[in-house]
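With compact mmCIF, C-alpha atoms inside, this is model-v7.txt:
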# COMPACT_ATOMS: atom_id res chain seq x y z
CA MET A 1 -39.54 -18.80 43.53
CA ALA A 2 -35.94 -18.77 42.42
CA LEU A 3 -35.41 -22.06 40.62
CA MET A 4 -32.33 -20.91 38.77
CA GLY A 5 -30.56 -17.64 38.23
CA THR A 6 -29.48 -16.23 34.89
CA PRO A 7 -27.02 -18.79 33.54
CA GLU A 8 -23.43 -17.74 33.08
CA PRO A 9 -21.36 -19.09 30.20
CA TYR A 10 -20.43 -22.59 31.30
CA SER A 11 -16.79 -23.53 31.72
CA GLU A 12 -14.64 -25.69 33.97
CA PRO A 13 -13.21 -23.57 36.79
CA ASP A 14 -9.54 -22.67 36.84
CA ALA A 15 -7.45 -23.88 39.74
CA SER A 16 -7.37 -20.35 41.14
CA GLN A 17 -11.14 -20.02 40.93
CA GLU A 18 -12.05 -23.39 42.46
CA LYS A 19 -14.07 -23.41 45.66
CA PRO A 20 -12.44 -24.47 48.95
CA PHE A 21 -12.20 -28.23 49.39
CA LEU A 22 -14.62 -28.41 52.33
CA LEU A 23 -17.26 -26.35 50.48
CA ARG A 24 -16.96 -28.51 47.36
CA ALA A 25 -17.13 -31.71 49.44
CA LEU A 26 -20.29 -30.52 51.25
CA GLN A 27 -21.82 -29.44 47.96
CA ILE A 28 -21.17 -32.84 46.38
CA ALA A 29 -22.47 -34.66 49.50
CA LEU A 30 -25.71 -32.65 49.33
CA VAL A 31 -26.21 -33.39 45.62
CA VAL A 32 -25.53 -37.12 46.11
CA SER A 33 -27.93 -37.23 49.10
CA LEU A 34 -30.65 -35.58 47.01
CA TYR A 35 -30.08 -38.17 44.30
CA TRP A 36 -30.33 -41.06 46.77
CA VAL A 37 -33.52 -39.80 48.43
CA THR A 38 -35.24 -39.01 45.13
CA THR A 39 -34.40 -42.32 43.47
CA VAL A 40 -35.46 -44.38 46.51
CA CYS A 41 -38.85 -42.60 46.49
CA MET A 42 -39.17 -43.37 42.78
CA VAL A 43 -38.47 -47.07 43.46
CA PHE A 44 -41.42 -47.26 45.86
CA LEU A 45 -43.72 -45.39 43.45
CA ASN A 46 -42.76 -47.74 40.61
CA LYS A 47 -43.37 -50.75 42.83
CA TYR A 48 -46.82 -49.44 43.74
CA LEU A 49 -47.84 -48.65 40.16
CA LEU A 50 -46.45 -51.84 38.59
CA ASP A 51 -46.75 -54.46 41.36
CA SER A 52 -49.46 -53.42 43.84
CA SER A 53 -52.59 -55.56 43.95
CA TYR A 54 -54.72 -52.43 43.48
CA LEU A 55 -53.16 -51.16 40.23
CA GLN A 56 -50.74 -53.65 38.57
CA LEU A 57 -50.19 -51.59 35.42
CA GLU A 58 -47.96 -53.74 33.19
CA SER A 59 -46.82 -50.85 30.99
CA PRO A 60 -43.47 -49.48 32.22
CA ILE A 61 -42.83 -47.56 28.99
CA VAL A 62 -46.19 -45.78 29.36
CA LEU A 63 -45.06 -44.62 32.81
CA THR A 64 -41.79 -43.23 31.45
CA PHE A 65 -43.51 -41.55 28.47
CA TYR A 66 -45.99 -39.83 30.80
CA GLN A 67 -43.11 -38.78 33.06
CA CYS A 68 -41.30 -37.19 30.08
CA LEU A 69 -44.50 -35.46 28.91
CA VAL A 70 -45.27 -33.95 32.34
CA THR A 71 -41.63 -32.89 32.79
CA THR A 72 -41.62 -31.13 29.40
CA LEU A 73 -44.90 -29.31 30.10
CA LEU A 74 -43.81 -28.26 33.60
CA CYS A 75 -40.48 -26.89 32.35
CA LYS A 76 -42.20 -24.97 29.56
CA GLY A 77 -44.89 -23.71 31.95
CA LEU A 78 -42.29 -22.42 34.42
CA SER A 79 -40.44 -20.75 31.56
CA ILE A 80 -43.61 -18.93 30.49
CA LEU A 81 -44.30 -17.89 34.10
CA ALA A 82 -40.77 -16.46 34.34
CA ILE A 83 -41.46 -14.31 31.27
CA CYS A 84 -44.84 -13.13 32.58
CA PHE A 85 -43.65 -12.53 36.17
CA PRO A 86 -39.91 -11.80 35.95
CA GLY A 87 -39.67 -10.55 39.52
CA ALA A 88 -41.45 -13.50 41.11
CA VAL A 89 -40.29 -16.51 39.06
CA ASP A 90 -36.65 -17.04 38.12
CA PHE A 91 -36.33 -19.70 35.42
CA PRO A 92 -34.39 -19.90 32.12
CA SER A 93 -36.25 -19.24 28.87
CA LEU A 94 -36.94 -22.50 27.02
CA CYS A 95 -37.70 -23.09 23.37
CA LEU A 96 -36.75 -25.93 21.05
CA GLU A 97 -33.96 -24.77 18.73
CA LEU A 98 -32.93 -27.11 15.92
CA ARG A 99 -29.21 -26.48 16.40
CA MET A 100 -29.42 -27.17 20.14
CA ALA A 101 -31.65 -30.20 19.60
CA ARG A 102 -29.01 -31.72 17.32
CA ASN A 103 -26.40 -31.32 20.06
CA VAL A 104 -28.63 -32.99 22.65
CA LEU A 105 -30.00 -35.69 20.30
CA PRO A 106 -27.77 -38.57 21.56
CA LEU A 107 -29.16 -38.20 25.11
CA PRO A 108 -32.84 -39.05 24.36
CA VAL A 109 -31.68 -41.84 22.05
CA TYR A 110 -29.70 -43.45 24.88
CA PHE A 111 -32.45 -42.72 27.44
CA VAL A 112 -35.19 -44.38 25.35
CA GLY A 113 -32.83 -47.24 24.55
CA LEU A 114 -31.93 -47.96 28.16
CA THR A 115 -35.62 -47.85 29.15
CA ILE A 116 -36.59 -50.41 26.50
CA PHE A 117 -33.56 -52.68 26.93
CA TYR A 118 -33.89 -52.64 30.73
CA ASN A 119 -37.56 -53.64 30.74
CA ILE A 120 -37.08 -56.39 28.15
CA GLY A 121 -33.92 -57.73 29.85
CA GLN A 122 -35.64 -58.04 33.22
CA ARG A 123 -38.00 -60.63 31.73
CA TYR A 124 -35.04 -62.92 31.04
CA MET A 125 -32.79 -62.46 34.07
CA GLY A 126 -34.53 -60.82 37.02
CA VAL A 127 -32.17 -59.72 39.81
CA ALA A 128 -29.09 -61.00 37.98
CA PHE A 129 -29.83 -58.57 35.15
CA TYR A 130 -29.57 -55.62 37.49
CA THR A 131 -26.45 -56.99 39.20
CA LEU A 132 -24.51 -57.69 36.00
CA GLY A 133 -25.68 -54.40 34.46
CA ARG A 134 -24.29 -52.30 37.29
CA SER A 135 -20.83 -53.88 36.97
CA LEU A 136 -20.67 -53.37 33.20
CA THR A 137 -21.92 -49.78 33.52
CA ILE A 138 -18.91 -48.83 35.67
CA PHE A 139 -16.54 -50.53 33.21
CA PHE A 140 -18.07 -48.72 30.21
CA ASN A 141 -18.00 -45.41 32.09
CA VAL A 142 -14.24 -45.61 32.57
CA LEU A 143 -13.83 -46.49 28.88
CA PHE A 144 -16.14 -43.79 27.44
CA SER A 145 -14.92 -41.08 29.82
CA HIS A 146 -11.46 -41.63 28.36
CA GLN A 147 -12.57 -41.91 24.73
CA ILE A 148 -15.22 -39.15 24.62
CA LEU A 149 -14.40 -36.75 27.47
CA LYS A 150 -10.62 -37.33 27.32
CA GLN A 151 -10.59 -37.87 31.10
CA THR A 152 -8.04 -40.30 32.48
CA THR A 153 -8.64 -42.36 35.62
CA SER A 154 -5.96 -42.89 38.28
CA SER A 155 -4.80 -46.37 39.26
CA TYR A 156 -6.25 -45.91 42.77
CA VAL A 157 -9.71 -45.14 41.33
CA LEU A 158 -9.43 -48.11 38.96
CA LEU A 159 -8.59 -50.33 41.94
CA THR A 160 -11.71 -49.21 43.86
CA CYS A 161 -13.84 -49.70 40.73
CA GLY A 162 -12.36 -53.20 40.43
CA ILE A 163 -13.53 -53.96 44.00
CA ILE A 164 -17.05 -52.73 43.14
CA ILE A 165 -17.17 -54.78 39.93
CA GLY A 166 -15.88 -57.82 41.85
CA GLY A 167 -18.69 -57.39 44.36
CA PHE A 168 -21.27 -57.37 41.60
CA TRP A 169 -19.80 -60.50 40.03
CA PHE A 170 -20.17 -62.29 43.35
CA GLY A 171 -23.87 -61.48 42.99
CA VAL A 172 -23.88 -62.78 39.41
CA ASP A 173 -22.34 -66.07 40.57
CA HIS A 174 -25.05 -66.36 43.19
CA GLU A 175 -27.80 -65.76 40.61
CA GLY A 176 -26.09 -68.08 38.14
CA MET A 177 -26.20 -70.95 40.61
CA GLU A 178 -29.94 -70.38 40.86
CA GLY A 179 -30.27 -70.73 37.07
CA SER A 180 -31.46 -67.20 36.27
CA LEU A 181 -28.79 -66.27 33.68
CA SER A 182 -29.46 -66.50 29.92
CA LEU A 183 -27.62 -65.47 26.76
CA THR A 184 -30.54 -63.32 25.60
CA GLY A 185 -30.63 -61.60 28.97
CA ILE A 186 -26.86 -60.96 28.85
CA LEU A 187 -27.28 -59.31 25.42
CA PHE A 188 -29.82 -56.88 26.86
CA VAL A 189 -27.54 -56.34 29.88
CA VAL A 190 -24.76 -55.16 27.56
CA LEU A 191 -27.12 -52.93 25.55
CA THR A 192 -28.58 -51.40 28.73
CA SER A 193 -25.15 -50.81 30.27
CA LEU A 194 -23.90 -49.16 27.07
CA SER A 195 -26.95 -46.87 27.00
CA ILE A 196 -26.64 -45.89 30.68
CA SER A 197 -22.92 -45.16 30.35
CA LEU A 198 -23.25 -43.16 27.14
CA ASN A 199 -26.20 -41.24 28.60
CA ALA A 200 -24.12 -40.15 31.60
CA VAL A 201 -21.03 -39.31 29.52
CA TYR A 202 -22.97 -37.29 26.94
CA THR A 203 -24.79 -35.43 29.72
CA LYS A 204 -21.38 -34.13 30.80
CA LYS A 205 -20.40 -33.47 27.18
CA VAL A 206 -23.45 -31.43 26.09
CA LEU A 207 -23.81 -29.28 29.24
CA PRO A 208 -21.37 -26.61 27.99
CA ALA A 209 -23.50 -26.19 24.82
CA LEU A 210 -26.47 -25.42 27.11
CA ASP A 211 -24.54 -22.88 29.22
CA GLY A 212 -24.35 -25.47 32.00
CA SER A 213 -28.13 -25.22 32.53
CA ILE A 214 -29.60 -28.42 34.01
CA TRP A 215 -33.14 -27.14 33.33
CA ARG A 216 -32.43 -26.67 29.62
CA LEU A 217 -30.89 -30.12 29.49
CA THR A 218 -33.95 -31.59 31.25
CA PHE A 219 -36.33 -29.82 28.86
CA TYR A 220 -34.59 -30.90 25.64
CA ASN A 221 -33.98 -34.47 26.79
CA ASN A 222 -37.59 -35.07 27.87
CA ALA A 223 -39.23 -33.22 24.95
CA ILE A 224 -37.31 -35.24 22.33
CA SER A 225 -37.77 -38.46 24.31
CA CYS A 226 -41.57 -38.01 24.11
CA VAL A 227 -41.33 -38.29 20.31
CA PHE A 228 -38.91 -41.22 20.40
CA PHE A 229 -41.13 -43.19 22.82
CA LEU A 230 -44.12 -43.20 20.41
CA PRO A 231 -42.91 -46.05 18.09
CA PRO A 232 -42.05 -48.43 21.01
CA LEU A 233 -45.43 -47.70 22.62
CA LEU A 234 -47.17 -48.81 19.42
CA LEU A 235 -44.87 -51.72 18.53
CA LEU A 236 -44.81 -53.25 22.04
CA GLY A 237 -48.57 -52.95 22.48
CA GLU A 238 -48.44 -50.85 25.65
CA LEU A 239 -51.00 -48.31 24.39
CA ARG A 240 -53.47 -51.16 23.96
CA THR A 241 -52.65 -52.40 27.47
CA LEU A 242 -53.31 -48.91 28.83
CA ARG A 243 -56.59 -48.60 26.95
CA LEU A 244 -57.84 -51.87 28.49
CA PHE A 245 -56.61 -50.98 31.99
CA VAL A 246 -59.57 -51.11 34.43
CA GLN A 247 -58.30 -48.19 36.55
CA LEU A 248 -57.79 -45.87 33.57
CA GLY A 249 -60.66 -43.54 34.45
CA ARG A 250 -59.86 -43.32 38.19
CA ALA A 251 -58.56 -40.08 39.67
CA HIS A 252 -56.37 -42.07 42.09
CA PHE A 253 -54.50 -43.70 39.19
CA TRP A 254 -53.76 -40.41 37.45
CA GLY A 255 -52.83 -38.82 40.75
CA MET A 256 -50.20 -41.51 41.37
CA MET A 257 -49.02 -41.25 37.76
CA THR A 258 -48.59 -37.50 38.12
CA LEU A 259 -46.83 -37.85 41.47
CA ARG A 260 -44.41 -40.28 39.85
CA ALA A 261 -43.92 -37.86 36.96
CA LEU A 262 -43.02 -35.09 39.44
CA PHE A 263 -40.42 -37.35 41.00
CA GLY A 264 -39.25 -38.11 37.46
CA LEU A 265 -38.70 -34.38 36.96
CA ALA A 266 -36.75 -34.27 40.23
CA ILE A 267 -34.63 -37.27 39.17
CA SER A 268 -33.88 -35.68 35.78
CA TYR A 269 -32.66 -32.57 37.54
CA VAL A 270 -30.63 -34.17 40.35
CA THR A 271 -29.07 -36.70 37.93
CA GLY A 272 -27.84 -33.86 35.72
CA LEU A 273 -26.74 -31.99 38.83
CA GLN A 274 -24.78 -34.98 40.17
CA ILE A 275 -23.02 -35.50 36.82
CA LYS A 276 -22.29 -31.77 36.50
CA PHE A 277 -20.78 -31.46 39.99
CA THR A 278 -18.89 -34.78 39.85
CA SER A 279 -18.40 -37.01 36.80
CA PRO A 280 -20.27 -39.75 34.88
CA LEU A 281 -18.22 -42.41 36.70
CA THR A 282 -18.95 -40.97 40.16
CA HIS A 283 -22.64 -40.76 39.23
CA ASN A 284 -22.77 -44.49 38.44
CA VAL A 285 -20.72 -45.48 41.51
CA SER A 286 -23.20 -43.44 43.56
CA GLY A 287 -26.09 -45.33 41.97
CA ALA A 288 -24.39 -48.69 42.63
CA ALA A 289 -23.79 -47.86 46.31
CA LYS A 290 -27.35 -46.61 46.71
CA ALA A 291 -28.77 -49.83 45.23
CA CYS A 292 -26.72 -52.04 47.56
CA ALA A 293 -27.49 -49.96 50.65
CA GLN A 294 -31.17 -50.11 49.70
CA ALA A 295 -30.99 -53.90 49.30
CA VAL A 296 -29.29 -54.41 52.69
CA LEU A 297 -31.74 -52.11 54.52
CA GLY A 298 -34.69 -53.83 52.82
CA MET A 299 -33.38 -57.26 53.82
CA LEU A 300 -32.95 -56.14 57.45
CA TYR A 301 -36.39 -54.49 57.53
CA TYR A 302 -38.19 -57.58 56.17
CA GLU A 303 -35.98 -59.92 58.28
CA GLU A 304 -35.00 -62.04 55.29
CA THR A 305 -32.24 -64.66 55.27
CA LYS A 306 -29.54 -64.31 52.63
CA SER A 307 -26.59 -66.49 51.59
CA PHE A 308 -22.92 -65.78 52.25
CA LEU A 309 -22.37 -64.81 48.57
CA TRP A 310 -25.19 -62.24 48.79
CA TRP A 311 -23.61 -60.62 51.83
CA ALA A 312 -20.13 -60.75 50.29
CA SER A 313 -21.42 -59.14 47.10
CA ASN A 314 -23.15 -56.21 48.81
CA LEU A 315 -20.38 -55.60 51.37
CA LEU A 316 -17.73 -55.57 48.63
CA VAL A 317 -19.74 -53.03 46.61
CA LEU A 318 -20.34 -50.81 49.64
CA GLY A 319 -16.70 -51.13 50.75
CA GLY A 320 -15.43 -50.36 47.25
CA SER A 321 -17.79 -47.37 46.98
CA SER A 322 -16.54 -46.02 50.32
CA ALA A 323 -12.93 -46.45 49.15
CA TYR A 324 -13.81 -44.72 45.85
CA THR A 325 -15.29 -41.76 47.78
CA TRP A 326 -12.18 -41.46 49.94
CA VAL A 327 -9.79 -41.67 46.96
CA ARG A 328 -11.75 -39.07 44.96
CA GLY A 329 -11.80 -36.73 47.96
CA TRP A 330 -8.06 -37.21 48.48
CA GLU A 331 -7.38 -36.50 44.80
CA MET A 332 -9.61 -33.42 44.80
CA LYS A 333 -7.81 -32.05 47.86
CA LYS A 334 -4.40 -32.86 46.36
CA VAL A 335 -5.22 -30.96 43.16
CA GLN A 336 -6.18 -27.84 45.14
CA GLU A 337 -3.08 -27.99 47.33
CA GLU A 338 -0.66 -28.32 44.41
CA PRO A 339 0.09 -24.96 42.72
CA GLY A 340 -0.92 -24.66 39.06
CA PRO A 341 -1.55 -28.28 37.98
CA LYS A 342 -1.38 -29.06 34.33
CA GLU A 343 -4.62 -29.46 32.41
CA ASP A 344 -4.16 -33.20 31.88
CA GLU A 345 -3.53 -33.68 35.61
CA LYS A 346 -6.73 -31.79 36.48
CA SER A 347 -8.64 -33.89 33.96
CA SER A 348 -7.38 -37.15 35.46
CA MET A 349 -8.44 -36.15 38.99
CA ARG A 350 -11.95 -34.87 38.38
CA VAL A 351 -14.47 -36.09 40.92
Any chance you could give the structure as C-alpha cells?
Amino acid sequence: MALMGTPEPYSEPDASQEKPFLLRALQIALVVSLYWVTTVCMVFLNKYLLDSSYLQLESPIVLTFYQCLVTTLLCKGLSILAICFPGAVDFPSLCLELRMARNVLPLPVYFVGLTIFYNIGQRYMGVAFYTLGRSLTIFFNVLFSHQILKQTTSSYVLLTCGIIIGGFWFGVDHEGMEGSLSLTGILFVVLTSLSISLNAVYTKKVLPALDGSIWRLTFYNNAISCVFFLPPLLLLGELRTLRLFVQLGRAHFWGMMTLRALFGLAISYVTGLQIKFTSPLTHNVSGAAKACAQAVLGMLYYEETKSFLWWASNLLVLGGSSAYTWVRGWEMKKVQEEPGPKEDEKSSMRV
C-alpha cells in the first residue's frame, strides 16, 4: 500500500534534471484528468446531499467541516499504520508542529473564507456568481503569482486568459439581463475569488516548507480548518440545523456524508498535486474549463435550450482554455530545447 515514498528535499528541478517533454506532458495530463473526474463526482454528491428530495440538508458548511475532520483522521490513521507496519504501508509521518503550522496558516484561513463567502454569495446571485467568480479568479491568479511567487506570465498566456475572461463576461451579461446581479453578491464574488486565488498561490508557496509532500499539506490544511470552521458553524446556525435534521440518525445519511468526505480527501490531494505539477494559474484555468465542459455536457444530456450568449460564453472559455494548454505546452517544450535558460526565463514559462 505505497501511498507515498520517503519525501526528498523539495526543490524546483534544474534544466538538466527536468524530465523529457512527452513524459512531463503525460504526467500533467494524468493529474488534470484525475482532478476533473474527482471534482465532477463531488458535484453530484453535493447535489444529492443538498438538493435531493430525500435528504435536502441545508448546511453546506457542516458538510465541509465533516470532510475536513474525516480527512484529518484518515491521514493521521495512515501515518500511524505506516509506523506500526513499515513494510506494508508507506506514508509520511504526520504530527502538528507549531513552526510548520505557522507556515501553513494562510491556507486554512483562505479555505474557510472561500467556503463561507461562496455559500453566502450564491444566495444573492446564483449562476452569475459562479460565472463572475471564475473570471476574477484567473485575473487575481496572474496578479498574485507575480507578487508572491515572483512568476511572470508571457503575453501569449495573458492573451489566452483574456479570451477565457471574455467568455465568462459574456455569461455575466446573460445573467445580468435576467436580473440576477446584485452589489452584495458582487462583493462576495470578489472576496471568494481573492480567497481561491490566494489559496492556490500559497499552496505552491508552502510546499517547499513541507518537503513537497502533498499528504503533509493535506493534513495541516484540514486539521487547522476544522478549528477555524467552529465559529462559523455556531454563528450561522448550521449546528442547530443539523441537530433538527430528520435524517440525522440514519445510516444512509452518514454513509453518504462519509463517501463525500472520502472524495473531499481525494480532491485535497489532487488539487495540491495539480498545483505542484503545474502552477496556481493552470490549476484555475483547468477548473474553469472543467466547469464549462460539465455545463455543456449537462445541457446536451438534459436536452435543454440555451441562448446564443450562453453558447458564446462557454465556447469562448473552452476555446481559450485549449489555446492556453497549447501555449503552455509550447513554452514548456521551448524551455527544454533552449540550452541553460536563465532563472527568470524559467520562472516566466512555468506550466
May I have the residues within 12 Å of Ile148 (chain A) as an MDAnalysis selection string, using all atoms listed in the file and disregarding those fewer than 6 positions away in the same chain?
-> chainID A and resid 140:142 197:206 280
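In this comparison, which uses only C-alpha atoms, the residue of A:Ala101, A:Leu22, A:Cys95, A:Tyr301 approaching Gly329 (chain A) most closely is A:Leu22.
The residue that comes closest to Val327 (chain A), out of A:Val112, A:Val157, A:Leu149, A:Leu74 and on the basis of all atoms listed in the file, is A:Val157.
With all atoms listed in the file as the basis for measurement, A:Trp310 is the residue among A:Tyr324, A:Phe21, A:Trp310, A:Tyr35 that approaches Trp169 (chain A) most closely.
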Nearest residue to Phe144 (chain A) from the set A:Gln294, A:Ser279, A:Ser286, A:Gln336 (distances using all atoms listed in the file) | A:Ser279
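Distances here use all atoms listed in the file; by that measure, the residue among A:Gly133, A:Gly185, A:Gly166, A:Gly264 closest to Asn284 (chain A) is A:Gly133.
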Choose the residue, out of A:Leu34, A:Ile196, A:Val40, A:Val190, that has the smallest atom-to-atom separation from Leu281 (chain A); count only C-alpha atoms.
-> A:Ile196
Leaving out Leu158 (chain A) and any residue of its chain fewer than 4 positions from it, which residues lie within 10 Å of it when counting all atoms listed in the file, given as a ChimeraX atom specification?
-> /A:139,142,153-154,162-164,324
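The coordinates place CA of Thr271 (chain A) at 11.4 Å from CA of Trp215 (chain A).
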Expressed in Å to a single decimal, how great is the separation between CA of Lys76 (chain A) and CA of Ile61 (chain A)?
-> 22.6 Å
Find the residues around Leu114 (chain A) up to 9 Å (all atoms listed in the file counted), leave out those fewer than 6 positions away in its own chain, and share them as a ChimeraX atom specification.
-> /A:191-196,199
Now that the selection is made, can you save its residues with C-alpha atoms as a CSV table (one decimal), in the coordinates of the input?
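That gives us selection_17.csv:
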chain,number,residue,atom,x,y,z
A,191,LEU,CA,-27.1,-52.9,25.6
A,192,THR,CA,-28.6,-51.4,28.7
A,193,SER,CA,-25.2,-50.8,30.3
A,194,LEU,CA,-23.9,-49.2,27.1
A,195,SER,CA,-27.0,-46.9,27.0
A,196,ILE,CA,-26.6,-45.9,30.7
A,199,ASN,CA,-26.2,-41.2,28.6
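Relative to CA of Leu94 (chain A), CA of Val70 (chain A) is found at 15.1 Å.
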